[in-house]
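Source file: start.txt (compact mmCIF, C-alpha atoms)
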```
# COMPACT_ATOMS: atom_id res chain seq x y z
CA MET A 1 64.13 33.06 104.82
CA ASP A 2 60.56 32.50 103.64
CA ASP A 3 58.21 33.00 100.70
CA GLU A 4 60.24 30.90 98.29
CA ALA A 5 63.49 32.49 99.53
CA ARG A 6 62.40 35.95 98.38
CA ALA A 7 62.39 37.53 101.82
CA PHE A 8 64.13 37.19 105.14
CA LYS A 9 62.02 36.44 108.19
CA ASN A 10 61.37 39.72 109.97
CA PRO A 11 63.38 39.54 113.22
CA TYR A 12 61.99 42.72 114.76
CA ALA A 13 59.28 43.13 117.38
CA ASP A 14 56.35 45.14 116.12
CA TYR A 15 55.19 48.35 117.77
CA ASP A 16 53.87 47.57 121.26
CA GLY A 17 51.69 50.64 121.68
CA LYS A 18 53.54 51.91 124.73
CA ASP A 19 55.54 54.73 123.17
CA ASN A 20 53.47 57.44 121.52
CA SER A 21 56.52 59.40 120.40
CA SER A 22 56.42 60.72 116.86
CA GLU A 23 60.14 61.48 116.82
CA VAL A 24 63.13 59.45 115.71
CA THR A 25 65.41 59.16 118.76
CA SER A 26 68.55 61.27 118.87
CA HIS A 27 70.73 58.15 119.13
CA PHE A 28 69.14 56.62 116.04
CA ARG A 29 69.41 59.92 114.16
CA LEU A 30 73.12 60.02 114.91
CA ARG A 31 73.55 56.46 113.68
CA ILE A 32 71.69 57.27 110.46
CA SER A 33 73.76 60.41 109.89
CA GLU A 34 76.97 58.45 110.37
CA HIS A 35 75.77 55.78 107.94
CA ILE A 36 74.87 58.40 105.34
CA GLY A 37 78.31 59.96 105.74
CA ALA A 38 80.04 56.61 105.33
CA GLY A 39 77.91 55.83 102.29
CA LEU A 40 78.77 59.14 100.66
CA ASP A 41 82.46 58.47 101.31
CA TRP A 42 82.07 55.12 99.53
CA LEU A 43 80.35 56.78 96.58
CA HIS A 44 83.07 59.41 96.31
CA GLY A 45 85.76 56.73 96.43
CA HIS A 46 84.24 54.13 94.10
CA TYR A 47 81.80 55.75 91.69
CA ASP A 48 83.39 57.24 88.56
CA ALA A 49 80.82 59.38 86.78
CA LYS A 50 83.15 59.96 83.83
CA ARG A 51 83.20 56.25 83.06
CA ASP A 52 79.49 55.73 83.60
CA ARG A 53 77.70 55.84 80.26
CA ASP A 54 74.33 55.59 81.98
CA GLN A 55 72.84 59.05 82.55
CA SER A 56 69.49 57.82 83.84
CA VAL A 57 67.90 58.58 87.17
CA TYR A 58 67.12 54.88 87.63
CA THR A 59 70.63 53.36 87.51
CA GLY A 60 72.93 56.17 86.33
CA SER A 61 74.57 59.44 87.23
CA SER A 62 71.34 61.46 87.39
CA GLY A 63 70.05 59.26 90.21
CA ILE A 64 73.06 60.14 92.33
CA ALA A 65 72.46 63.79 91.42
CA LEU A 66 68.90 63.43 92.74
CA LEU A 67 70.36 62.14 96.02
CA TYR A 68 72.59 65.21 96.22
CA LEU A 69 69.59 67.46 95.61
CA LYS A 70 67.83 65.69 98.46
CA LEU A 71 70.79 66.25 100.77
CA ALA A 72 71.05 69.89 99.69
CA GLN A 73 67.51 70.44 100.95
CA ALA A 74 68.35 68.91 104.32
CA GLU A 75 71.98 69.84 104.97
CA SER A 76 73.92 73.01 105.70
CA SER A 77 76.30 72.37 102.78
CA TYR A 78 73.58 73.47 100.38
CA ASP A 79 75.67 74.96 97.59
CA ARG A 80 78.27 72.19 97.61
CA TYR A 81 75.65 69.47 97.21
CA LEU A 82 73.91 71.38 94.42
CA ARG A 83 77.16 71.78 92.50
CA ASN A 84 78.00 68.11 93.00
CA ALA A 85 74.59 67.25 91.59
CA ALA A 86 74.89 69.61 88.62
CA GLU A 87 78.23 68.10 87.65
CA LEU A 88 76.66 64.66 87.42
CA VAL A 89 73.72 65.51 85.16
CA GLU A 90 74.40 65.15 81.46
CA THR A 91 71.69 66.51 79.18
CA SER A 92 73.31 66.42 75.75
CA ARG A 93 72.90 62.70 75.14
CA ARG A 94 69.74 61.36 73.58
CA THR A 95 68.22 57.95 74.15
CA ARG A 96 65.12 56.45 72.63
CA ARG A 97 63.25 56.95 75.89
CA LEU A 98 61.39 59.97 77.21
CA THR A 99 60.73 59.29 80.88
CA PHE A 100 62.02 60.66 84.17
CA LEU A 101 63.61 57.48 85.50
CA CYS A 102 64.86 55.80 82.35
CA GLY A 103 64.96 58.44 79.62
CA ASP A 104 65.91 61.96 78.60
CA SER A 105 63.32 63.99 80.45
CA GLY A 106 64.65 63.05 83.89
CA PRO A 107 68.13 64.54 83.41
CA LEU A 108 66.59 67.57 81.68
CA ALA A 109 64.11 68.22 84.49
CA LEU A 110 66.72 67.66 87.16
CA SER A 111 69.27 69.91 85.45
CA CYS A 112 66.65 72.62 85.02
CA VAL A 113 65.92 72.61 88.75
CA LEU A 114 69.59 72.53 89.72
CA ARG A 115 70.60 75.39 87.41
CA GLU A 116 67.83 77.62 88.71
CA LYS A 117 68.78 76.87 92.31
CA LEU A 118 72.38 77.74 91.45
CA GLY A 119 71.25 81.10 90.09
CA GLU A 120 71.67 80.21 86.41
CA THR A 121 68.16 81.24 85.44
CA GLU A 122 68.65 81.66 81.70
CA ARG A 123 70.23 78.22 81.44
CA ALA A 124 67.37 76.78 83.48
CA LYS A 125 64.78 78.39 81.20
CA GLN A 126 66.46 76.89 78.14
CA LEU A 127 66.41 73.46 79.76
CA ALA A 128 62.71 73.90 80.56
CA ARG A 129 62.08 74.70 76.90
CA ASP A 130 64.07 71.63 75.86
CA LEU A 131 61.97 69.54 78.22
CA SER A 132 58.77 70.96 76.76
CA ARG A 133 59.91 70.14 73.22
CA LEU A 134 59.92 66.46 74.11
CA GLY A 135 56.17 66.72 74.62
CA ALA A 136 55.27 66.04 71.00
CA GLU A 137 57.12 62.71 71.14
CA ALA A 138 55.89 61.90 74.64
CA ARG A 139 52.23 62.37 73.61
CA ASP A 140 52.54 59.74 70.89
CA ALA A 141 49.48 57.53 71.35
CA SER A 142 51.46 54.48 70.25
CA LEU A 143 53.62 54.69 73.39
CA PRO A 144 52.60 52.80 76.52
CA SER A 145 51.34 54.87 79.43
CA GLU A 146 53.29 53.08 82.18
CA TYR A 147 55.76 54.83 84.43
CA LEU A 148 59.24 53.58 83.57
CA TYR A 149 59.04 53.99 79.79
CA GLY A 150 55.71 55.61 78.96
CA HIS A 151 53.50 58.70 79.15
CA VAL A 152 53.35 59.08 82.92
CA GLY A 153 57.15 58.91 83.15
CA TYR A 154 57.32 62.09 81.08
CA LEU A 155 54.41 63.58 83.02
CA TYR A 156 56.41 63.19 86.21
CA SER A 157 59.27 65.20 84.70
CA LEU A 158 56.94 68.13 84.05
CA LEU A 159 55.47 67.89 87.53
CA PHE A 160 58.94 67.60 89.09
CA VAL A 161 59.98 70.96 87.64
CA ARG A 162 56.70 72.57 88.62
CA ALA A 163 56.91 71.23 92.18
CA HIS A 164 60.41 72.61 92.68
CA LEU A 165 60.25 75.89 90.76
CA GLY A 166 56.59 76.87 90.55
CA GLU A 167 53.79 76.72 88.00
CA GLY A 168 55.22 79.38 85.68
CA TRP A 169 58.00 77.08 84.54
CA ILE A 170 55.76 74.51 82.86
CA ASP A 171 52.83 75.32 80.60
CA GLU A 172 49.72 73.84 82.18
CA SER A 173 48.36 73.03 78.74
CA ASP A 174 51.30 70.65 78.20
CA ILE A 175 50.27 68.74 81.31
CA SER A 176 46.59 68.74 80.35
CA ARG A 177 47.22 67.46 76.81
CA LEU A 178 49.42 64.68 78.13
CA CYS A 179 46.80 63.65 80.68
CA GLU A 180 44.23 63.53 77.88
CA VAL A 181 46.47 61.12 75.97
CA ILE A 182 46.87 58.95 79.08
CA LEU A 183 43.13 58.85 79.69
CA GLU A 184 42.32 58.05 76.06
CA SER A 185 44.88 55.24 76.15
CA GLY A 186 43.15 53.77 79.18
CA LYS A 187 39.75 54.00 77.55
CA ALA A 188 41.08 52.21 74.47
CA GLY A 189 42.47 49.48 76.71
CA SER A 190 39.10 49.13 78.40
CA ARG A 191 37.40 48.64 75.04
CA LYS A 192 39.99 45.99 74.17
CA PHE A 193 39.41 44.10 77.44
CA PRO A 194 35.71 44.63 78.25
CA SER A 195 35.54 41.58 80.50
CA LEU A 196 37.69 43.35 83.10
CA LYS A 197 34.91 45.90 83.73
CA SER A 198 37.42 48.65 84.43
CA PRO A 199 36.93 51.99 82.66
CA LEU A 200 40.72 52.41 82.30
CA VAL A 201 42.97 49.52 81.30
CA TYR A 202 46.64 49.75 80.39
CA THR A 203 49.07 47.26 78.92
CA TRP A 204 52.82 47.06 78.53
CA HIS A 205 54.20 44.62 75.97
CA ASP A 206 50.63 43.32 75.61
CA LYS A 207 50.52 42.34 79.28
CA LEU A 208 48.24 43.86 81.91
CA TYR A 209 50.57 44.84 84.72
CA ILE A 210 49.20 45.99 88.06
CA GLY A 211 52.15 47.44 89.97
CA ALA A 212 53.72 50.86 90.21
CA ALA A 213 56.51 50.56 87.66
CA HIS A 214 54.71 49.17 84.62
CA GLY A 215 51.11 48.86 85.66
CA ILE A 216 47.75 50.42 86.24
CA SER A 217 48.39 51.50 89.83
CA GLY A 218 51.39 53.64 88.89
CA ILE A 219 49.41 55.36 86.14
CA ILE A 220 46.43 55.99 88.41
CA TYR A 221 48.73 57.38 91.09
CA ALA A 222 50.22 59.82 88.59
CA LEU A 223 46.77 61.01 87.52
CA LEU A 224 45.61 61.40 91.12
CA GLN A 225 48.55 63.69 91.78
CA VAL A 226 46.98 66.16 89.30
CA HIS A 227 43.37 65.31 90.14
CA ALA A 228 42.25 68.95 90.21
CA LEU A 229 43.47 69.64 86.69
CA SER A 230 41.21 69.18 83.67
CA PRO A 231 40.83 66.71 81.95
CA VAL A 232 41.67 64.54 84.97
CA SER A 233 39.04 66.25 87.13
CA ASP A 234 36.43 65.55 84.44
CA HIS A 235 37.21 61.80 84.64
CA LEU A 236 37.77 61.56 88.37
CA HIS A 237 34.53 59.81 89.36
CA SER A 238 33.55 58.29 86.03
CA HIS A 239 36.88 56.59 85.19
CA ILE A 240 39.63 56.98 87.79
CA LYS A 241 37.74 56.04 90.95
CA PRO A 242 36.16 52.91 89.40
CA THR A 243 39.64 51.89 88.22
CA VAL A 244 40.92 52.13 91.80
CA ASP A 245 37.99 49.93 92.79
CA PHE A 246 39.02 47.45 90.09
CA LEU A 247 42.52 47.32 91.59
CA LEU A 248 41.01 46.35 94.94
CA THR A 249 39.57 43.20 93.36
CA LEU A 250 43.06 41.94 92.47
CA LYS A 251 44.11 41.36 96.07
CA PHE A 252 45.40 37.97 97.19
CA PRO A 253 44.08 36.49 100.48
CA SER A 254 47.41 37.53 102.03
CA GLY A 255 46.73 41.20 101.29
CA ASN A 256 49.35 41.34 98.55
CA TYR A 257 48.49 42.15 94.93
CA GLN A 258 49.04 40.50 91.58
CA SER A 259 52.02 41.64 89.51
CA SER A 260 49.94 41.23 86.36
CA PHE A 261 46.40 40.19 85.60
CA SER A 262 47.52 36.82 84.28
CA ASN A 263 49.89 36.08 87.18
CA LYS A 264 48.02 34.38 90.02
CA THR A 265 51.10 33.59 92.14
CA ASP A 266 51.53 35.53 95.36
CA ARG A 267 55.32 36.04 95.25
CA LEU A 268 56.44 39.62 94.66
CA VAL A 269 56.47 42.23 97.41
CA HIS A 270 58.29 45.08 95.69
CA TRP A 271 57.60 48.72 94.84
CA CYS A 272 57.65 47.72 91.18
CA HIS A 273 55.34 44.70 91.58
CA GLY A 274 53.09 44.10 94.56
CA ALA A 275 51.66 45.77 97.64
CA PRO A 276 54.48 48.30 98.28
CA GLY A 277 53.72 50.05 95.00
CA LEU A 278 49.94 49.94 95.25
CA VAL A 279 49.91 51.55 98.68
CA HIS A 280 50.78 54.90 97.06
CA ALA A 281 47.70 54.79 94.83
CA PHE A 282 45.42 53.71 97.67
CA VAL A 283 46.60 56.43 100.04
CA LYS A 284 46.23 59.04 97.32
CA ALA A 285 42.73 57.74 96.53
CA TYR A 286 41.88 58.06 100.23
CA GLU A 287 43.09 61.67 100.22
CA VAL A 288 41.15 62.55 97.07
CA PHE A 289 37.89 60.64 97.64
CA ASN A 290 37.88 60.55 101.47
CA GLU A 291 36.70 56.94 101.64
CA GLU A 292 38.04 54.81 104.48
CA ARG A 293 38.14 51.63 102.41
CA TYR A 294 41.07 52.97 100.43
CA LEU A 295 43.01 53.66 103.61
CA ALA A 296 42.05 50.19 104.85
CA ALA A 297 43.51 48.71 101.67
CA ALA A 298 46.73 50.66 102.24
CA ARG A 299 46.90 49.36 105.81
CA GLU A 300 46.56 45.80 104.54
CA CYS A 301 49.46 46.45 102.18
CA ALA A 302 51.52 47.58 105.16
CA GLU A 303 50.88 44.30 106.99
CA VAL A 304 52.19 42.38 103.98
CA VAL A 305 55.28 44.55 103.79
CA TRP A 306 56.00 44.21 107.51
CA LYS A 307 55.88 40.43 107.20
CA ARG A 308 57.54 39.95 103.81
CA GLY A 309 59.33 43.18 102.97
CA LEU A 310 62.95 42.46 104.02
CA LEU A 311 63.98 41.30 100.59
CA LEU A 312 66.66 38.88 99.55
CA LYS A 313 67.13 40.95 96.39
CA GLY A 314 68.73 43.70 98.46
CA ASP A 315 68.05 47.03 100.09
CA GLY A 316 67.31 49.14 97.00
CA ILE A 317 64.39 51.35 96.08
CA CYS A 318 62.79 49.52 93.16
CA HIS A 319 62.79 45.95 94.44
CA GLY A 320 64.40 46.13 97.84
CA THR A 321 63.90 46.87 101.51
CA ALA A 322 64.32 50.66 101.32
CA GLY A 323 61.63 50.99 98.66
CA ASN A 324 59.30 48.79 100.68
CA ALA A 325 59.84 50.95 103.78
CA TYR A 326 58.18 53.91 102.08
CA THR A 327 54.94 51.98 102.65
CA PHE A 328 55.30 52.83 106.33
CA LEU A 329 56.44 56.40 105.77
CA ILE A 330 53.46 57.29 103.59
CA LEU A 331 51.06 55.74 106.11
CA TYR A 332 52.78 57.54 108.96
CA GLN A 333 52.30 60.84 107.13
CA THR A 334 48.64 60.00 106.53
CA THR A 335 47.64 58.56 109.92
CA LYS A 336 50.30 59.99 112.31
CA GLU A 337 50.27 56.55 113.97
CA PRO A 338 53.60 55.78 115.72
CA LYS A 339 53.58 52.13 114.68
CA TYR A 340 54.31 53.08 111.08
CA LEU A 341 57.29 55.20 112.06
CA HIS A 342 58.47 52.33 114.26
CA ARG A 343 58.29 49.95 111.30
CA ALA A 344 60.07 52.37 108.98
CA CYS A 345 62.87 52.74 111.54
CA LYS A 346 63.22 48.98 111.83
CA PHE A 347 63.56 48.69 108.06
CA ALA A 348 66.14 51.47 108.22
CA GLU A 349 68.00 49.51 110.89
CA TRP A 350 67.96 46.51 108.57
CA CYS A 351 69.40 48.58 105.73
CA MET A 352 72.26 49.71 107.98
CA ASN A 353 73.04 46.17 109.11
CA ARG A 354 75.88 44.79 107.00
CA ASP A 355 75.73 41.36 108.63
CA LYS A 356 73.44 39.76 106.08
CA SER A 357 73.80 38.01 102.76
CA TYR A 358 71.65 38.65 99.72
CA SER A 359 71.71 39.13 95.99
CA HIS A 360 73.96 41.90 94.72
CA PRO A 361 72.52 44.48 92.30
CA ASP A 362 73.95 45.11 88.85
CA HIS A 363 74.33 48.81 89.72
CA PRO A 364 75.40 48.83 93.37
CA TRP A 365 75.84 52.62 93.58
CA SER A 366 72.58 53.60 91.88
CA LEU A 367 69.39 55.27 93.09
CA TYR A 368 66.89 52.56 92.26
CA GLU A 369 69.01 49.44 92.72
CA GLY A 370 71.83 50.39 95.04
CA LEU A 371 73.44 52.53 97.69
CA ALA A 372 72.19 55.96 96.57
CA GLY A 373 68.61 54.84 97.05
CA VAL A 374 69.34 53.49 100.52
CA LEU A 375 70.97 56.80 101.49
CA TYR A 376 67.98 58.69 100.10
CA PHE A 377 65.63 56.61 102.24
CA LEU A 378 67.77 57.06 105.35
CA ALA A 379 67.75 60.83 104.81
CA ASP A 380 63.96 60.64 104.65
CA ILE A 381 63.85 58.83 107.99
CA LEU A 382 65.44 61.92 109.54
CA ASP A 383 62.41 63.98 108.46
CA PRO A 384 59.64 61.40 108.03
CA MET A 385 56.74 63.82 107.66
CA GLN A 386 58.40 65.34 104.60
CA SER A 387 59.57 62.07 103.03
CA ARG A 388 58.80 61.33 99.39
CA PHE A 389 59.48 58.22 97.32
CA PRO A 390 62.21 59.51 94.96
CA GLY A 391 61.26 59.94 91.34
CA PHE A 392 57.69 58.77 91.93
CA ALA A 393 55.96 60.91 94.55
CA LEU A 394 56.10 64.62 93.84
CA PRO A 395 58.85 66.37 95.83
CA ARG A 396 57.98 68.92 98.45
CA ALA A 397 58.41 72.52 97.38
CA SER A 398 61.88 73.84 98.10
```
Structure re-expressed in structure tokens:
Amino acid sequence: MDDEARAFKNPYADYDGKDNSSEVTSHFRLRISEHIGAGLDWLHGHYDAKRDRDQSVYTGSSGIALLYLKLAQAESSYDRYLRNAAELVETSRRTRRLTFLCGDSGPLALSCVLREKLGETERAKQLARDLSRLGAEARDASLPSEYLYGHVGYLYSLLFVRAHLGEGWIDESDISRLCEVILESGKAGSRKFPSLKSPLVYTWHDKLYIGAAHGISGIIYALLQVHALSPVSDHLHSHIKPTVDFLLTLKFPSGNYQSSFSNKTDRLVHWCHGAPGLVHAFVKAYEVFNEERYLAAARECAEVVWKRGLLLKGDGICHGTAGNAYTFLILYQTTKEPKYLHRACKFAEWCMNRDKSYSHPDHPWSLYEGLAGVLYFLADILDPMQSRFPGFALPRAS
């Protein structure tokens, strides 16, 4: 172990440049499929949805439903997986949160998509209306803008439905008004912290976080996913691009990034805090602005993850090895370079290796902390060019 016992030493040889194959080998595919099957058997035998009071996508029943939706897109048992997913999504409860991962809009958006795919169009339309009604609360300027609990977490729910079902399901004006709130929040933060010289600044609990879950990079990534839509397009070069440039200044000598502006310790290499989360924003900035320096920053993130990404905290999506491996998948999609697929496969191999000891998550079956997230990642390895970080990157149209 290294890095203050936060990561295991990477035991794998890096890509040697000899094999230019862009395919996962048939033997490895079979091993992955068998592991997914065994994992699903464990879920069926140990997870009791009726006793789980957590409906969230992050650690509850809706996260497992999102896994089933993923498998439905990839497997022949399409209808069975969809019905399994629909049975897990509860939309009648209300929490005090409004976001996709940790609040009410995630189960609503997911249920809307599932009901339409099951042919229950009227029910799906009602769920879409229910999701839209949350907009007035979600646009509250007093809310934070971060991803897990704030504005962009609700924005993702709207975009999730639109990505799966088409633009007619979500009123574009709802998305535009929410983006305006997010942008105004960032401008207000910039006025509050003028010394940072960033045109958009966001805080959560009065702390300036950097990473994907609570910080600036996750918010910028969300905005870049709708970069062609006004008002985002109107702020693209004046506010969003300079904010990406500000993020670049927060890099440690190692290539990793600060978890918050006040934290100068180079410790965390997670999707939620550190390089694995920022790589998404940098790759998206490269796609939008076509500047090589953003891709170079993403590549540097990948080097950090390769060295320090096999985490003692476990194999989960949020702060584990599977989530870190999406660093390689997104760069493979962008560059088509075999070394990134090689690295992703090695992290997948690690996730399938039971002969290791690490911290055990509080929710061992869940999407973001446990087994469901690992299975989601392994399913993405089988089709790496179509992979998407669950609940964060927009899903491919289905």
Using all atoms listed in the file, which residue out of A:Lys313, A:Arg97, A:His280, A:Lys187 lies closest to Phe389 in chain A?
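So, comparing all the options, the nearest one is A:His280.
Among the candidates A:Ser233, A:Tyr58, A:Leu312, A:Ser132, the one nearest to Phe289 in chain A when counting all atoms listed in the file is A:Ser233.
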Residue with smallest distance to Leu40 in chain A - pool A:Trp204, A:Phe392, A:Tyr340, A:Tyr376, counting only C-alpha atoms
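Distance minimum relative to Leu40 in chain A lands on A:Tyr376.
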Can you tell me which residues surround range 205-207 of chain A at a distance of at most 12 Å, considering all atoms listed in the file, apart from same-chain residues fewer than 6 positions away, and format the answer as an mmCIF file with C-alpha atoms, in the coordinates of the input?
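Below is the file that was written, result.cif:
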```
data_model
loop_
_atom_site.group_PDB
_atom_site.id
_atom_site.type_symbol
_atom_site.label_atom_id
_atom_site.label_comp_id
_atom_site.auth_asym_id
_atom_site.auth_seq_id
_atom_site.Cartn_x
_atom_site.Cartn_y
_atom_site.Cartn_z
ATOM 1 C CA SER A 142 51.460 54.480 70.250
ATOM 2 C CA LEU A 143 53.620 54.690 73.390
ATOM 3 C CA PRO A 144 52.600 52.800 76.520
ATOM 4 C CA SER A 145 51.340 54.870 79.430
ATOM 5 C CA GLU A 146 53.290 53.080 82.180
ATOM 6 C CA TYR A 149 59.040 53.990 79.790
ATOM 7 C CA GLY A 150 55.710 55.610 78.960
ATOM 8 C CA GLY A 189 42.470 49.480 76.710
ATOM 9 C CA LYS A 192 39.990 45.990 74.170
ATOM 10 C CA PHE A 193 39.410 44.100 77.440
ATOM 11 C CA HIS A 214 54.710 49.170 84.620
ATOM 12 C CA GLY A 215 51.110 48.860 85.660
ATOM 13 C CA ILE A 216 47.750 50.420 86.240
ATOM 14 C CA SER A 259 52.020 41.640 89.510
ATOM 15 C CA SER A 260 49.940 41.230 86.360
ATOM 16 C CA PHE A 261 46.400 40.190 85.600
ATOM 17 C CA SER A 262 47.520 36.820 84.280
ATOM 18 C CA ASN A 263 49.890 36.080 87.180
#
```
Close residues, range 323-326 of chain A itself excluded, 8 Å, all atoms listed in the file, min 5 positions apart in chain, as a PyMOL selection string:
chain A and resi 269-271+276+305+309+315-318+343-344+347-348+377+388-389
Could you check the closest approach to Leu82 in chain A for each of A:Asp130, A:Asp52, A:Glu116, A:Glu167 and tell me which residue wins, using all atoms listed in the file?
A:Glu116
Residue with smallest distance to Tyr156 in chain A - pool A:Leu127, A:Ala7, A:Val374, A:Ala393, counting only C-alpha atoms
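Nearest to Tyr156 in chain A: A:Ala393.
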Looking at A:Pro199, A:Gly37, A:Gly135, A:Gly211, which one is nearest to Asp174 in chain A, with distances taken over all atoms listed in the file?
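Comparing A:Pro199, A:Gly37, A:Gly135, A:Gly211 against Asp174 in chain A, the winner is A:Gly135.
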What does the distance between CA of Ala138 in chain A and CA of Ala213 in chain A come to in Å, to one decimal place?
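So the two atoms, CA of Ala138 in chain A and CA of Ala213 in chain A, lie 17.3 Å apart.
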One decimal, in Å: what's the spacing between CA of Ala372 in chain A and CA of Val89 in chain A?
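The value is 15.0 Å.
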